[in-house]
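The data block below is run32.json; it holds JSON, N, CA and C atoms.
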[["chain", "number", "residue", "atom", "x", "y", "z"],
["Z", 1, "MET", "N", 0.84, -1.16, 0.00],
["Z", 1, "MET", "CA", 0.00, 0.00, 0.00],
["Z", 1, "MET", "C", 0.89, 1.23, 0.00],
["Z", 2, "GLY", "N", 0.40, 2.26, -0.55],
["Z", 2, "GLY", "CA", 1.17, 3.49, -0.55],
["Z", 2, "GLY", "C", 0.46, 4.53, -1.37],
["Z", 3, "ILE", "N", 1.09, 5.68, -1.47],
["Z", 3, "ILE", "CA", 0.52, 6.76, -2.24],
["Z", 3, "ILE", "C", 1.02, 6.62, -3.67],
["Z", 4, "GLU", "N", 0.11, 6.69, -4.61],
["Z", 4, "GLU", "CA", 0.47, 6.60, -6.01],
["Z", 4, "GLU", "C", 0.37, 7.99, -6.61],
["Z", 5, "GLN", "N", 1.06, 8.23, -7.71],
["Z", 5, "GLN", "CA", 1.09, 9.54, -8.32],
["Z", 5, "GLN", "C", 0.23, 9.59, -9.56],
["Z", 6, "GLN", "N", -0.11, 10.79, -9.99],
["Z", 6, "GLN", "CA", -0.93, 10.98, -11.18],
["Z", 6, "GLN", "C", -0.09, 10.70, -12.42],
["Z", 7, "SER", "N", -0.73, 10.16, -13.46],
["Z", 7, "SER", "CA", -0.02, 9.85, -14.69],
["Z", 7, "SER", "C", 0.49, 11.13, -15.33],
["Z", 8, "LYS", "N", 1.59, 11.03, -16.11],
["Z", 8, "LYS", "CA", 2.18, 12.20, -16.74],
["Z", 8, "LYS", "C", 1.27, 12.81, -17.79],
["Z", 9, "GLY", "N", 0.40, 11.99, -18.38],
["Z", 9, "GLY", "CA", -0.52, 12.52, -19.38],
["Z", 9, "GLY", "C", -1.46, 13.55, -18.77],
["Z", 10, "GLY", "N", -1.86, 13.38, -17.53],
["Z", 10, "GLY", "CA", -2.70, 14.34, -16.83],
["Z", 10, "GLY", "C", -4.16, 14.33, -17.27],
["Z", 11, "ALA", "N", -4.50, 13.59, -18.33],
["Z", 11, "ALA", "CA", -5.86, 13.60, -18.84],
["Z", 11, "ALA", "C", -6.80, 12.88, -17.89],
["Z", 12, "SER", "N", -6.41, 11.70, -17.41],
["Z", 12, "SER", "CA", -7.30, 10.96, -16.52],
["Z", 12, "SER", "C", -6.54, 10.59, -15.26],
["Z", 13, "PRO", "N", -7.12, 10.85, -14.11],
["Z", 13, "PRO", "CA", -6.43, 10.52, -12.87],
["Z", 13, "PRO", "C", -6.35, 9.01, -12.69],
["Z", 14, "VAL", "N", -5.29, 8.56, -12.08],
["Z", 14, "VAL", "CA", -5.10, 7.15, -11.75],
["Z", 14, "VAL", "C", -5.42, 6.97, -10.28],
["Z", 15, "PRO", "N", -5.67, 5.72, -9.82],
["Z", 15, "PRO", "CA", -5.89, 5.53, -8.39],
["Z", 15, "PRO", "C", -4.73, 6.11, -7.60],
["Z", 16, "GLY", "N", -5.04, 6.87, -6.59],
["Z", 16, "GLY", "CA", -4.01, 7.51, -5.79],
["Z", 16, "GLY", "C", -4.14, 9.02, -5.82],
["Z", 17, "VAL", "N", -4.91, 9.55, -6.78],
["Z", 17, "VAL", "CA", -5.14, 10.98, -6.86],
["Z", 17, "VAL", "C", -6.59, 11.20, -7.21],
["Z", 18, "ASP", "N", -7.33, 11.94, -6.36],
["Z", 18, "ASP", "CA", -8.74, 12.18, -6.67],
["Z", 18, "ASP", "C", -8.86, 13.30, -7.70],
["Z", 19, "PRO", "N", -10.04, 13.50, -8.28],
["Z", 19, "PRO", "CA", -10.18, 14.52, -9.33],
["Z", 19, "PRO", "C", -9.73, 15.91, -8.89],
["Z", 20, "GLY", "N", -9.82, 16.21, -7.62],
["Z", 20, "GLY", "CA", -9.39, 17.52, -7.13],
["Z", 20, "GLY", "C", -7.89, 17.63, -6.95],
["Z", 21, "GLY", "N", -7.15, 16.53, -7.15],
["Z", 21, "GLY", "CA", -5.70, 16.55, -7.03],
["Z", 21, "GLY", "C", -5.19, 16.14, -5.66],
["Z", 22, "ALA", "N", -6.07, 15.86, -4.70],
["Z", 22, "ALA", "CA", -5.64, 15.46, -3.36],
["Z", 22, "ALA", "C", -5.17, 14.00, -3.38],
["Z", 23, "ALA", "N", -4.15, 13.70, -2.60],
["Z", 23, "ALA", "CA", -3.60, 12.35, -2.53],
["Z", 23, "ALA", "C", -4.56, 11.42, -1.81],
["Z", 24, "THR", "N", -4.67, 10.21, -2.31],
["Z", 24, "THR", "CA", -5.50, 9.18, -1.68],
["Z", 24, "THR", "C", -4.66, 7.93, -1.48],
["Z", 25, "MET", "N", -5.20, 7.00, -0.71],
["Z", 25, "MET", "CA", -4.54, 5.72, -0.49],
["Z", 25, "MET", "C", -5.60, 4.63, -0.42],
["Z", 26, "ARG", "N", -5.18, 3.40, -0.64],
["Z", 26, "ARG", "CA", -6.09, 2.27, -0.50],
["Z", 26, "ARG", "C", -6.13, 1.87, 0.96],
["Z", 27, "ALA", "N", -7.32, 1.52, 1.44],
["Z", 27, "ALA", "CA", -7.47, 1.08, 2.83],
["Z", 27, "ALA", "C", -8.62, 0.11, 2.94],
["Z", 28, "ALA", "N", -8.50, -0.83, 3.87],
["Z", 28, "ALA", "CA", -9.62, -1.71, 4.21],
["Z", 28, "ALA", "C", -10.54, -0.90, 5.10],
["Z", 29, "VAL", "N", -11.79, -0.76, 4.69],
["Z", 29, "VAL", "CA", -12.75, 0.09, 5.40],
["Z", 29, "VAL", "C", -13.91, -0.76, 5.90],
["Z", 30, "GLN", "N", -14.38, -0.43, 7.10],
["Z", 30, "GLN", "CA", -15.49, -1.14, 7.74],
["Z", 30, "GLN", "C", -16.55, -0.12, 8.13],
["Z", 31, "HIS", "N", -17.77, -0.31, 7.64],
["Z", 31, "HIS", "CA", -18.86, 0.62, 7.95],
["Z", 31, "HIS", "C", -19.84, 0.05, 8.97],
["Z", 32, "ARG", "N", -19.74, -1.25, 9.24],
["Z", 32, "ARG", "CA", -20.64, -1.87, 10.22],
["Z", 32, "ARG", "C", -19.94, -3.07, 10.83],
["Z", 33, "TYR", "N", -20.47, -3.57, 11.93],
["Z", 33, "TYR", "CA", -19.92, -4.76, 12.57],
["Z", 33, "TYR", "C", -20.38, -6.00, 11.79],
["Z", 34, "GLY", "N", -19.56, -7.04, 11.80],
["Z", 34, "GLY", "CA", -19.95, -8.28, 11.16],
["Z", 34, "GLY", "C", -18.76, -9.15, 10.83],
["Z", 35, "PRO", "N", -18.96, -10.16, 9.97],
["Z", 35, "PRO", "CA", -17.90, -11.09, 9.59],
["Z", 35, "PRO", "C", -16.89, -10.39, 8.67],
["Z", 36, "PRO", "N", -15.81, -11.06, 8.30],
["Z", 36, "PRO", "CA", -14.81, -10.44, 7.42],
["Z", 36, "PRO", "C", -15.36, -9.87, 6.12],
["Z", 37, "SER", "N", -16.50, -10.35, 5.67],
["Z", 37, "SER", "CA", -17.08, -9.85, 4.43],
["Z", 37, "SER", "C", -17.53, -8.39, 4.52],
["Z", 38, "VAL", "N", -17.61, -7.80, 5.74],
["Z", 38, "VAL", "CA", -18.00, -6.39, 5.85],
["Z", 38, "VAL", "C", -16.85, -5.46, 5.49],
["Z", 39, "LEU", "N", -15.63, -5.98, 5.41],
["Z", 39, "LEU", "CA", -14.48, -5.17, 5.02],
["Z", 39, "LEU", "C", -14.47, -4.99, 3.52],
["Z", 40, "GLU", "N", -14.18, -3.77, 3.08],
["Z", 40, "GLU", "CA", -14.06, -3.51, 1.65],
["Z", 40, "GLU", "C", -12.85, -2.61, 1.43],
["Z", 41, "VAL", "N", -12.19, -2.79, 0.30],
["Z", 41, "VAL", "CA", -11.04, -1.97, -0.04],
["Z", 41, "VAL", "C", -11.55, -0.77, -0.83],
["Z", 42, "SER", "N", -11.17, 0.43, -0.39],
["Z", 42, "SER", "CA", -11.60, 1.64, -1.09],
["Z", 42, "SER", "C", -10.51, 2.69, -0.99],
["Z", 43, "GLU", "N", -10.65, 3.73, -1.80],
["Z", 43, "GLU", "CA", -9.72, 4.86, -1.79],
["Z", 43, "GLU", "C", -10.18, 5.86, -0.73],
["Z", 44, "VAL", "N", -9.28, 6.24, 0.17],
["Z", 44, "VAL", "CA", -9.58, 7.22, 1.20],
["Z", 44, "VAL", "C", -8.51, 8.30, 1.16],
["Z", 45, "GLY", "N", -8.81, 9.45, 1.71],
["Z", 45, "GLY", "CA", -7.85, 10.54, 1.76],
["Z", 45, "GLY", "C", -6.68, 10.20, 2.66],
["Z", 46, "VAL", "N", -5.50, 10.69, 2.31],
["Z", 46, "VAL", "CA", -4.32, 10.47, 3.12],
["Z", 46, "VAL", "C", -4.43, 11.35, 4.37],
["Z", 47, "PRO", "N", -4.36, 10.76, 5.57],
["Z", 47, "PRO", "CA", -4.49, 11.57, 6.78],
["Z", 47, "PRO", "C", -3.24, 12.42, 7.00],
["Z", 48, "LEU", "N", -3.45, 13.60, 7.57],
["Z", 48, "LEU", "CA", -2.32, 14.46, 7.90],
["Z", 48, "LEU", "C", -1.89, 14.16, 9.32],
["Z", 49, "PRO", "N", -0.59, 13.93, 9.53],
["Z", 49, "PRO", "CA", -0.13, 13.65, 10.90],
["Z", 49, "PRO", "C", -0.23, 14.88, 11.77],
["Z", 50, "GLY", "N", -0.63, 14.66, 13.00],
["Z", 50, "GLY", "CA", -0.72, 15.74, 13.97],
["Z", 50, "GLY", "C", 0.50, 15.75, 14.88],
["Z", 51, "ARG", "N", 0.45, 16.54, 15.89],
["Z", 51, "ARG", "CA", 1.56, 16.63, 16.84],
["Z", 51, "ARG", "C", 1.75, 15.28, 17.52],
["Z", 52, "GLY", "N", 2.96, 14.77, 17.49],
["Z", 52, "GLY", "CA", 3.27, 13.49, 18.11],
["Z", 52, "GLY", "C", 2.96, 12.28, 17.22],
["Z", 53, "ASP", "N", 2.47, 12.49, 15.99],
["Z", 53, "ASP", "CA", 2.17, 11.41, 15.07],
["Z", 53, "ASP", "C", 3.34, 11.19, 14.11],
["Z", 54, "VAL", "N", 3.35, 10.02, 13.48],
["Z", 54, "VAL", "CA", 4.37, 9.70, 12.49],
["Z", 54, "VAL", "C", 3.67, 9.26, 11.22],
["Z", 55, "PHE", "N", 4.11, 9.77, 10.07],
["Z", 55, "PHE", "CA", 3.57, 9.37, 8.78],
["Z", 55, "PHE", "C", 4.46, 8.26, 8.23],
["Z", 56, "VAL", "N", 3.88, 7.11, 7.88],
["Z", 56, "VAL", "CA", 4.65, 5.94, 7.46],
["Z", 56, "VAL", "C", 4.12, 5.43, 6.13],
["Z", 57, "HIS", "N", 5.04, 5.13, 5.21],
["Z", 57, "HIS", "CA", 4.68, 4.39, 3.99],
["Z", 57, "HIS", "C", 4.64, 2.93, 4.38],
["Z", 58, "VAL", "N", 3.48, 2.32, 4.34],
["Z", 58, "VAL", "CA", 3.30, 0.95, 4.81],
["Z", 58, "VAL", "C", 3.82, -0.02, 3.76],
["Z", 59, "GLY", "N", 4.68, -0.91, 4.20],
["Z", 59, "GLY", "CA", 5.20, -1.96, 3.33],
["Z", 59, "GLY", "C", 4.47, -3.27, 3.56],
["Z", 60, "ALA", "N", 4.02, -3.50, 4.79],
["Z", 60, "ALA", "CA", 3.30, -4.72, 5.13],
["Z", 60, "ALA", "C", 2.40, -4.43, 6.33],
["Z", 61, "ALA", "N", 1.28, -5.11, 6.37],
["Z", 61, "ALA", "CA", 0.34, -4.96, 7.48],
["Z", 61, "ALA", "C", -0.15, -6.33, 7.91],
["Z", 62, "SER", "N", -0.58, -6.44, 9.15],
["Z", 62, "SER", "CA", -1.09, -7.71, 9.64],
["Z", 62, "SER", "C", -2.35, -7.48, 10.44],
["Z", 63, "ILE", "N", -3.03, -8.55, 10.73],
["Z", 63, "ILE", "CA", -4.23, -8.50, 11.54],
["Z", 63, "ILE", "C", -3.92, -9.07, 12.91],
["Z", 64, "HIS", "N", -4.20, -8.31, 13.92],
["Z", 64, "HIS", "CA", -4.00, -8.72, 15.30],
["Z", 64, "HIS", "C", -5.26, -9.46, 15.76],
["Z", 65, "PRO", "N", -5.14, -10.46, 16.63],
["Z", 65, "PRO", "CA", -6.35, -11.17, 17.10],
["Z", 65, "PRO", "C", -7.41, -10.23, 17.68],
["Z", 66, "GLY", "N", -7.01, -9.14, 18.31],
["Z", 66, "GLY", "CA", -7.97, -8.19, 18.86],
["Z", 66, "GLY", "C", -8.78, -7.49, 17.78],
["Z", 67, "ASP", "N", -8.21, -7.38, 16.56],
["Z", 67, "ASP", "CA", -8.94, -6.75, 15.45],
["Z", 67, "ASP", "C", -10.19, -7.54, 15.10],
["Z", 68, "TYR", "N", -10.17, -8.84, 15.29],
["Z", 68, "TYR", "CA", -11.34, -9.68, 15.01],
["Z", 68, "TYR", "C", -12.51, -9.27, 15.90],
["Z", 69, "PHE", "N", -12.23, -9.05, 17.19],
["Z", 69, "PHE", "CA", -13.30, -8.68, 18.12],
["Z", 69, "PHE", "C", -13.85, -7.30, 17.79],
["Z", 70, "VAL", "N", -12.99, -6.39, 17.38],
["Z", 70, "VAL", "CA", -13.45, -5.05, 16.99],
["Z", 70, "VAL", "C", -14.27, -5.14, 15.71],
["Z", 71, "MET", "N", -13.86, -5.99, 14.77],
["Z", 71, "MET", "CA", -14.56, -6.13, 13.49],
["Z", 71, "MET", "C", -15.97, -6.71, 13.70],
["Z", 72, "THR", "N", -16.08, -7.74, 14.53],
["Z", 72, "THR", "CA", -17.37, -8.39, 14.73],
["Z", 72, "THR", "C", -18.24, -7.68, 15.77],
["Z", 73, "GLY", "N", -17.61, -6.93, 16.68],
["Z", 73, "GLY", "CA", -18.36, -6.26, 17.74],
["Z", 73, "GLY", "C", -18.82, -7.22, 18.82],
["Z", 74, "LYS", "N", -18.21, -8.40, 18.88],
["Z", 74, "LYS", "CA", -18.57, -9.40, 19.89],
["Z", 74, "LYS", "C", -17.32, -9.77, 20.67],
["Z", 75, "PRO", "N", -17.37, -9.86, 21.94],
["Z", 75, "PRO", "CA", -18.52, -9.67, 22.81],
["Z", 75, "PRO", "C", -19.01, -8.22, 22.76],
["Z", 76, "TYR", "N", -20.27, -8.03, 23.05],
["Z", 76, "TYR", "CA", -20.90, -6.72, 22.92],
["Z", 76, "TYR", "C", -20.26, -5.65, 23.79],
["Z", 77, "LEU", "N", -19.54, -6.05, 24.81],
["Z", 77, "LEU", "CA", -18.82, -5.11, 25.66],
["Z", 77, "LEU", "C", -17.79, -4.32, 24.85],
["Z", 78, "VAL", "N", -17.27, -4.92, 23.78],
["Z", 78, "VAL", "CA", -16.31, -4.25, 22.90],
["Z", 78, "VAL", "C", -16.91, -2.99, 22.31],
["Z", 79, "ARG", "N", -18.20, -3.01, 22.04],
["Z", 79, "ARG", "CA", -18.87, -1.88, 21.41],
["Z", 79, "ARG", "C", -18.91, -0.64, 22.30],
["Z", 80, "LEU", "N", -18.82, -0.82, 23.59],
["Z", 80, "LEU", "CA", -18.78, 0.34, 24.48],
["Z", 80, "LEU", "C", -17.54, 1.19, 24.22],
["Z", 81, "ALA", "N", -16.44, 0.54, 23.89],
["Z", 81, "ALA", "CA", -15.19, 1.26, 23.65],
["Z", 81, "ALA", "C", -15.03, 1.71, 22.20],
["Z", 82, "PHE", "N", -15.60, 0.96, 21.23],
["Z", 82, "PHE", "CA", -15.32, 1.22, 19.82],
["Z", 82, "PHE", "C", -16.53, 1.72, 19.02],
["Z", 83, "GLY", "N", -17.67, 1.90, 19.64],
["Z", 83, "GLY", "CA", -18.86, 2.39, 18.95],
["Z", 83, "GLY", "C", -20.02, 1.44, 19.12],
["Z", 84, "LEU", "N", -21.16, 1.94, 19.51],
["Z", 84, "LEU", "CA", -22.31, 1.06, 19.79],
["Z", 84, "LEU", "C", -22.93, 0.46, 18.53],
["Z", 85, "ARG", "N", -23.28, 1.27, 17.56],
["Z", 85, "ARG", "CA", -23.97, 0.77, 16.35],
["Z", 85, "ARG", "C", -23.02, 0.42, 15.22],
["Z", 86, "ARG", "N", -21.92, 1.17, 15.12],
["Z", 86, "ARG", "CA", -20.91, 0.91, 14.10],
["Z", 86, "ARG", "C", -19.56, 1.37, 14.64],
["Z", 87, "PRO", "N", -18.46, 0.90, 14.07],
["Z", 87, "PRO", "CA", -17.14, 1.30, 14.58],
["Z", 87, "PRO", "C", -16.91, 2.80, 14.39],
["Z", 88, "ARG", "N", -16.33, 3.44, 15.40],
["Z", 88, "ARG", "CA", -16.02, 4.86, 15.30],
["Z", 88, "ARG", "C", -14.95, 5.13, 14.25],
["Z", 89, "HIS", "N", -13.95, 4.26, 14.20],
["Z", 89, "HIS", "CA", -12.86, 4.39, 13.24],
["Z", 89, "HIS", "C", -13.06, 3.34, 12.16],
["Z", 90, "GLY", "N", -13.22, 3.78, 10.91],
["Z", 90, "GLY", "CA", -13.56, 2.88, 9.83],
["Z", 90, "GLY", "C", -12.43, 2.04, 9.29],
["Z", 91, "THR", "N", -11.18, 2.35, 9.65],
["Z", 91, "THR", "CA", -10.06, 1.56, 9.16],
["Z", 91, "THR", "C", -9.47, 0.75, 10.31],
["Z", 92, "PRO", "N", -9.70, -0.56, 10.31],
["Z", 92, "PRO", "CA", -9.21, -1.39, 11.41],
["Z", 92, "PRO", "C", -7.71, -1.67, 11.29],
["Z", 93, "GLY", "N", -7.14, -2.12, 12.38],
["Z", 93, "GLY", "CA", -5.75, -2.57, 12.38],
["Z", 93, "GLY", "C", -4.78, -1.52, 12.88],
["Z", 94, "MET", "N", -3.71, -2.00, 13.50],
["Z", 94, "MET", "CA", -2.67, -1.12, 14.02],
["Z", 94, "MET", "C", -1.27, -1.69, 13.77],
["Z", 95, "ASP", "N", -1.16, -2.97, 13.39],
["Z", 95, "ASP", "CA", 0.15, -3.59, 13.20],
["Z", 95, "ASP", "C", 0.62, -3.33, 11.78],
["Z", 96, "LEU", "N", 1.84, -2.78, 11.64],
["Z", 96, "LEU", "CA", 2.36, -2.50, 10.31],
["Z", 96, "LEU", "C", 3.87, -2.44, 10.34],
["Z", 97, "ALA", "N", 4.44, -2.49, 9.16],
["Z", 97, "ALA", "CA", 5.88, -2.31, 8.97],
["Z", 97, "ALA", "C", 6.07, -1.38, 7.79],
["Z", 98, "GLY", "N", 6.97, -0.44, 7.89],
["Z", 98, "GLY", "CA", 7.18, 0.51, 6.82],
["Z", 98, "GLY", "C", 8.28, 1.48, 7.14],
["Z", 99, "VAL", "N", 8.40, 2.53, 6.34],
["Z", 99, "VAL", "CA", 9.41, 3.55, 6.53],
["Z", 99, "VAL", "C", 8.77, 4.92, 6.41],
["Z", 100, "GLN", "N", 9.42, 5.93, 6.96],
["Z", 100, "GLN", "CA", 8.97, 7.29, 6.79],
["Z", 100, "GLN", "C", 9.26, 7.69, 5.35],
["Z", 101, "PRO", "N", 8.37, 8.44, 4.69],
["Z", 101, "PRO", "CA", 8.62, 8.88, 3.33],
["Z", 101, "PRO", "C", 9.95, 9.63, 3.23],
["Z", 102, "GLY", "N", 10.71, 9.32, 2.20],
["Z", 102, "GLY", "CA", 12.00, 9.97, 1.99],
["Z", 102, "GLY", "C", 13.16, 9.23, 2.60],
["Z", 103, "GLN", "N", 12.91, 8.24, 3.44],
["Z", 103, "GLN", "CA", 13.99, 7.46, 4.04],
["Z", 103, "GLN", "C", 14.25, 6.23, 3.20],
["Z", 104, "THR", "N", 15.48, 5.75, 3.23],
["Z", 104, "THR", "CA", 15.82, 4.51, 2.56],
["Z", 104, "THR", "C", 16.25, 3.49, 3.60],
["Z", 105, "VAL", "N", 16.10, 2.26, 3.25],
["Z", 105, "VAL", "CA", 16.43, 1.18, 4.19],
["Z", 105, "VAL", "C", 17.82, 0.69, 3.92]]
Any chance you could give the structure as structure tokens?
Amino acid sequence: MGIEQQSKGGASPVPGVDPGGAATMRAAVQHRYGPPSVLEVSEVGVPLPGRGDVFVHVGAASIHPGDYFVMTGKPYLVRLAFGLRRPRHGTPGMDLAGVQPGQTV
């Protein structure tokens, strides 16, 4: 996953740049609780890092066992922390490996 650039032709945007020119990225998005089939891959805006945050180009991501409970919303006690009717944060997962943009390994 990562940020993709607009084609040099400029006539038609490619995935990674919305029609307005803002950068986008692919992400697994969840709009409701349920089985793994509720996850869908879609283009979302690239978040801007705030104070104390780090922006990372993701090279690999994994699913933590706790992500399953957040995805399904079961046990129902999980919903008290993550949203009663639907998840507050639509992009699940926290485990990743990557580098800061501009750095080389």
*Between atom CA of His64 of chain Z and atom N of Met94 of chain Z - distance in Å to one decimal*: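 It comes out at 7.0 Å.
You will find atom CA of Phe55 of chain Z at 25.0 Å from atom CA of Tyr68 of chain Z.
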*Computed interatomic separation between atom CA of Gly66 of chain Z and atom CA of Val44 of chain Z (Å)*: 23.5 Å
List every protein, DNA or RNA residue that has an atom no more than 10 Å from (-5.5, -5.4, 0.7) in the file's coordinate frame, counting only C-alpha atoms, and report them as a PDB file with N, CA and C atoms, keeping the file's coordinate frame.
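So the final result, stored in point-v4.pdb, reads:
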ATOM      1  N   MET Z   1       0.840  -1.160   0.000  1.00  0.00           N
ATOM      2  CA  MET Z   1       0.000   0.000   0.000  1.00  0.00           C
ATOM      3  C   MET Z   1       0.890   1.230   0.000  1.00  0.00           C
ATOM      4  N   ARG Z  26      -5.180   3.400  -0.640  1.00  0.00           N
ATOM      5  CA  ARG Z  26      -6.090   2.270  -0.500  1.00  0.00           C
ATOM      6  C   ARG Z  26      -6.130   1.870   0.960  1.00  0.00           C
ATOM      7  N   ALA Z  27      -7.320   1.520   1.440  1.00  0.00           N
ATOM      8  CA  ALA Z  27      -7.470   1.080   2.830  1.00  0.00           C
ATOM      9  C   ALA Z  27      -8.620   0.110   2.940  1.00  0.00           C
ATOM     10  N   ALA Z  28      -8.500  -0.830   3.870  1.00  0.00           N
ATOM     11  CA  ALA Z  28      -9.620  -1.710   4.210  1.00  0.00           C
ATOM     12  C   ALA Z  28     -10.540  -0.900   5.100  1.00  0.00           C
ATOM     13  N   LEU Z  39     -15.630  -5.980   5.410  1.00  0.00           N
ATOM     14  CA  LEU Z  39     -14.480  -5.170   5.020  1.00  0.00           C
ATOM     15  C   LEU Z  39     -14.470  -4.990   3.520  1.00  0.00           C
ATOM     16  N   GLU Z  40     -14.180  -3.770   3.080  1.00  0.00           N
ATOM     17  CA  GLU Z  40     -14.060  -3.510   1.650  1.00  0.00           C
ATOM     18  C   GLU Z  40     -12.850  -2.610   1.430  1.00  0.00           C
ATOM     19  N   VAL Z  41     -12.190  -2.790   0.300  1.00  0.00           N
ATOM     20  CA  VAL Z  41     -11.040  -1.970  -0.040  1.00  0.00           C
ATOM     21  C   VAL Z  41     -11.550  -0.770  -0.830  1.00  0.00           C
ATOM     22  N   SER Z  42     -11.170   0.430  -0.390  1.00  0.00           N
ATOM     23  CA  SER Z  42     -11.600   1.640  -1.090  1.00  0.00           C
ATOM     24  C   SER Z  42     -10.510   2.690  -0.990  1.00  0.00           C
ATOM     25  N   ALA Z  60       4.020  -3.500   4.790  1.00  0.00           N
ATOM     26  CA  ALA Z  60       3.300  -4.720   5.130  1.00  0.00           C
ATOM     27  C   ALA Z  60       2.400  -4.430   6.330  1.00  0.00           C
ATOM     28  N   ALA Z  61       1.280  -5.110   6.370  1.00  0.00           N
ATOM     29  CA  ALA Z  61       0.340  -4.960   7.480  1.00  0.00           C
ATOM     30  C   ALA Z  61      -0.150  -6.330   7.910  1.00  0.00           C
TER      31      ALA Z  61
END
His31 of chain Z environment, 10 Å, only C-alpha atoms, sequence neighbours closer than 2 positions dropped, as an mmCIF file with N, CA and C atoms, in the coordinates of the input:
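Dumped to selection.cif:
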data_model
loop_
_atom_site.group_PDB
_atom_site.id
_atom_site.type_symbol
_atom_site.label_atom_id
_atom_site.label_comp_id
_atom_site.auth_asym_id
_atom_site.auth_seq_id
_atom_site.Cartn_x
_atom_site.Cartn_y
_atom_site.Cartn_z
ATOM 1 N N VAL Z 29 -11.790 -0.760 4.690
ATOM 2 C CA VAL Z 29 -12.750 0.090 5.400
ATOM 3 C C VAL Z 29 -13.910 -0.760 5.900
ATOM 4 N N TYR Z 33 -20.470 -3.570 11.930
ATOM 5 C CA TYR Z 33 -19.920 -4.760 12.570
ATOM 6 C C TYR Z 33 -20.380 -6.000 11.790
ATOM 7 N N GLY Z 34 -19.560 -7.040 11.800
ATOM 8 C CA GLY Z 34 -19.950 -8.280 11.160
ATOM 9 C C GLY Z 34 -18.760 -9.150 10.830
ATOM 10 N N VAL Z 38 -17.610 -7.800 5.740
ATOM 11 C CA VAL Z 38 -18.000 -6.390 5.850
ATOM 12 C C VAL Z 38 -16.850 -5.460 5.490
ATOM 13 N N LEU Z 39 -15.630 -5.980 5.410
ATOM 14 C CA LEU Z 39 -14.480 -5.170 5.020
ATOM 15 C C LEU Z 39 -14.470 -4.990 3.520
ATOM 16 N N GLU Z 40 -14.180 -3.770 3.080
ATOM 17 C CA GLU Z 40 -14.060 -3.510 1.650
ATOM 18 C C GLU Z 40 -12.850 -2.610 1.430
ATOM 19 N N MET Z 71 -13.860 -5.990 14.770
ATOM 20 C CA MET Z 71 -14.560 -6.130 13.490
ATOM 21 C C MET Z 71 -15.970 -6.710 13.700
ATOM 22 N N ARG Z 85 -23.280 1.270 17.560
ATOM 23 C CA ARG Z 85 -23.970 0.770 16.350
ATOM 24 C C ARG Z 85 -23.020 0.420 15.220
ATOM 25 N N ARG Z 86 -21.920 1.170 15.120
ATOM 26 C CA ARG Z 86 -20.910 0.910 14.100
ATOM 27 C C ARG Z 86 -19.560 1.370 14.640
ATOM 28 N N PRO Z 87 -18.460 0.900 14.070
ATOM 29 C CA PRO Z 87 -17.140 1.300 14.580
ATOM 30 C C PRO Z 87 -16.910 2.800 14.390
ATOM 31 N N ARG Z 88 -16.330 3.440 15.400
ATOM 32 C CA ARG Z 88 -16.020 4.860 15.300
ATOM 33 C C ARG Z 88 -14.950 5.130 14.250
ATOM 34 N N HIS Z 89 -13.950 4.260 14.200
ATOM 35 C CA HIS Z 89 -12.860 4.390 13.240
ATOM 36 C C HIS Z 89 -13.060 3.340 12.160
ATOM 37 N N GLY Z 90 -13.220 3.780 10.910
ATOM 38 C CA GLY Z 90 -13.560 2.880 9.830
ATOM 39 C C GLY Z 90 -12.430 2.040 9.290
ATOM 40 N N THR Z 91 -11.180 2.350 9.650
ATOM 41 C CA THR Z 91 -10.060 1.560 9.160
ATOM 42 C C THR Z 91 -9.470 0.750 10.310
#
*Which of Z:Glu43, Z:Val58, Z:Thr24, Z:Leu48 sits closest to Gly98 of chain Z [using only C-alpha atoms]*: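 Result for the nearest residue to Gly98 of chain Z: Z:Val58.
Nearest to Gly93 of chain Z of all the residues Z:Val56, Z:Ala22, Z:Val78, Z:Ile63 is Z:Ile63, based on all atoms listed in the file.
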*Rank Z:Val70, Z:Gly50, Z:Tyr76, Z:His57 by their smallest atom-to-atom distance to Gln100 of chain Z, using only N, CA and C atoms, and report the top residue only.*
Z:His57
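Distance annotation: of Z:Pro92, Z:Gly83, Z:Pro47, Z:Ala23, the residue with the minimal separation from Asp67 of chain Z is Z:Pro92; atom set is all atoms listed in the file.
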*Nearest residue to Val99 of chain Z from the set Z:Val54, Z:Phe82, Z:Phe69, Z:Lys74 (distances using only C-alpha atoms)*: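 Nearest to Val99 of chain Z: Z:Val54.
The residues of segment 10-95 of chain Z that DSSP classifies as helix (DSSP H, G or I), using the backbone of this structure, are Pro36, Ser37, Val38, Pro65, Gly66, Asp67, Tyr68, Phe69, Val70, Met71, Thr72, Val78, Arg79, Leu80, Ala81 and Phe82 of chain Z.
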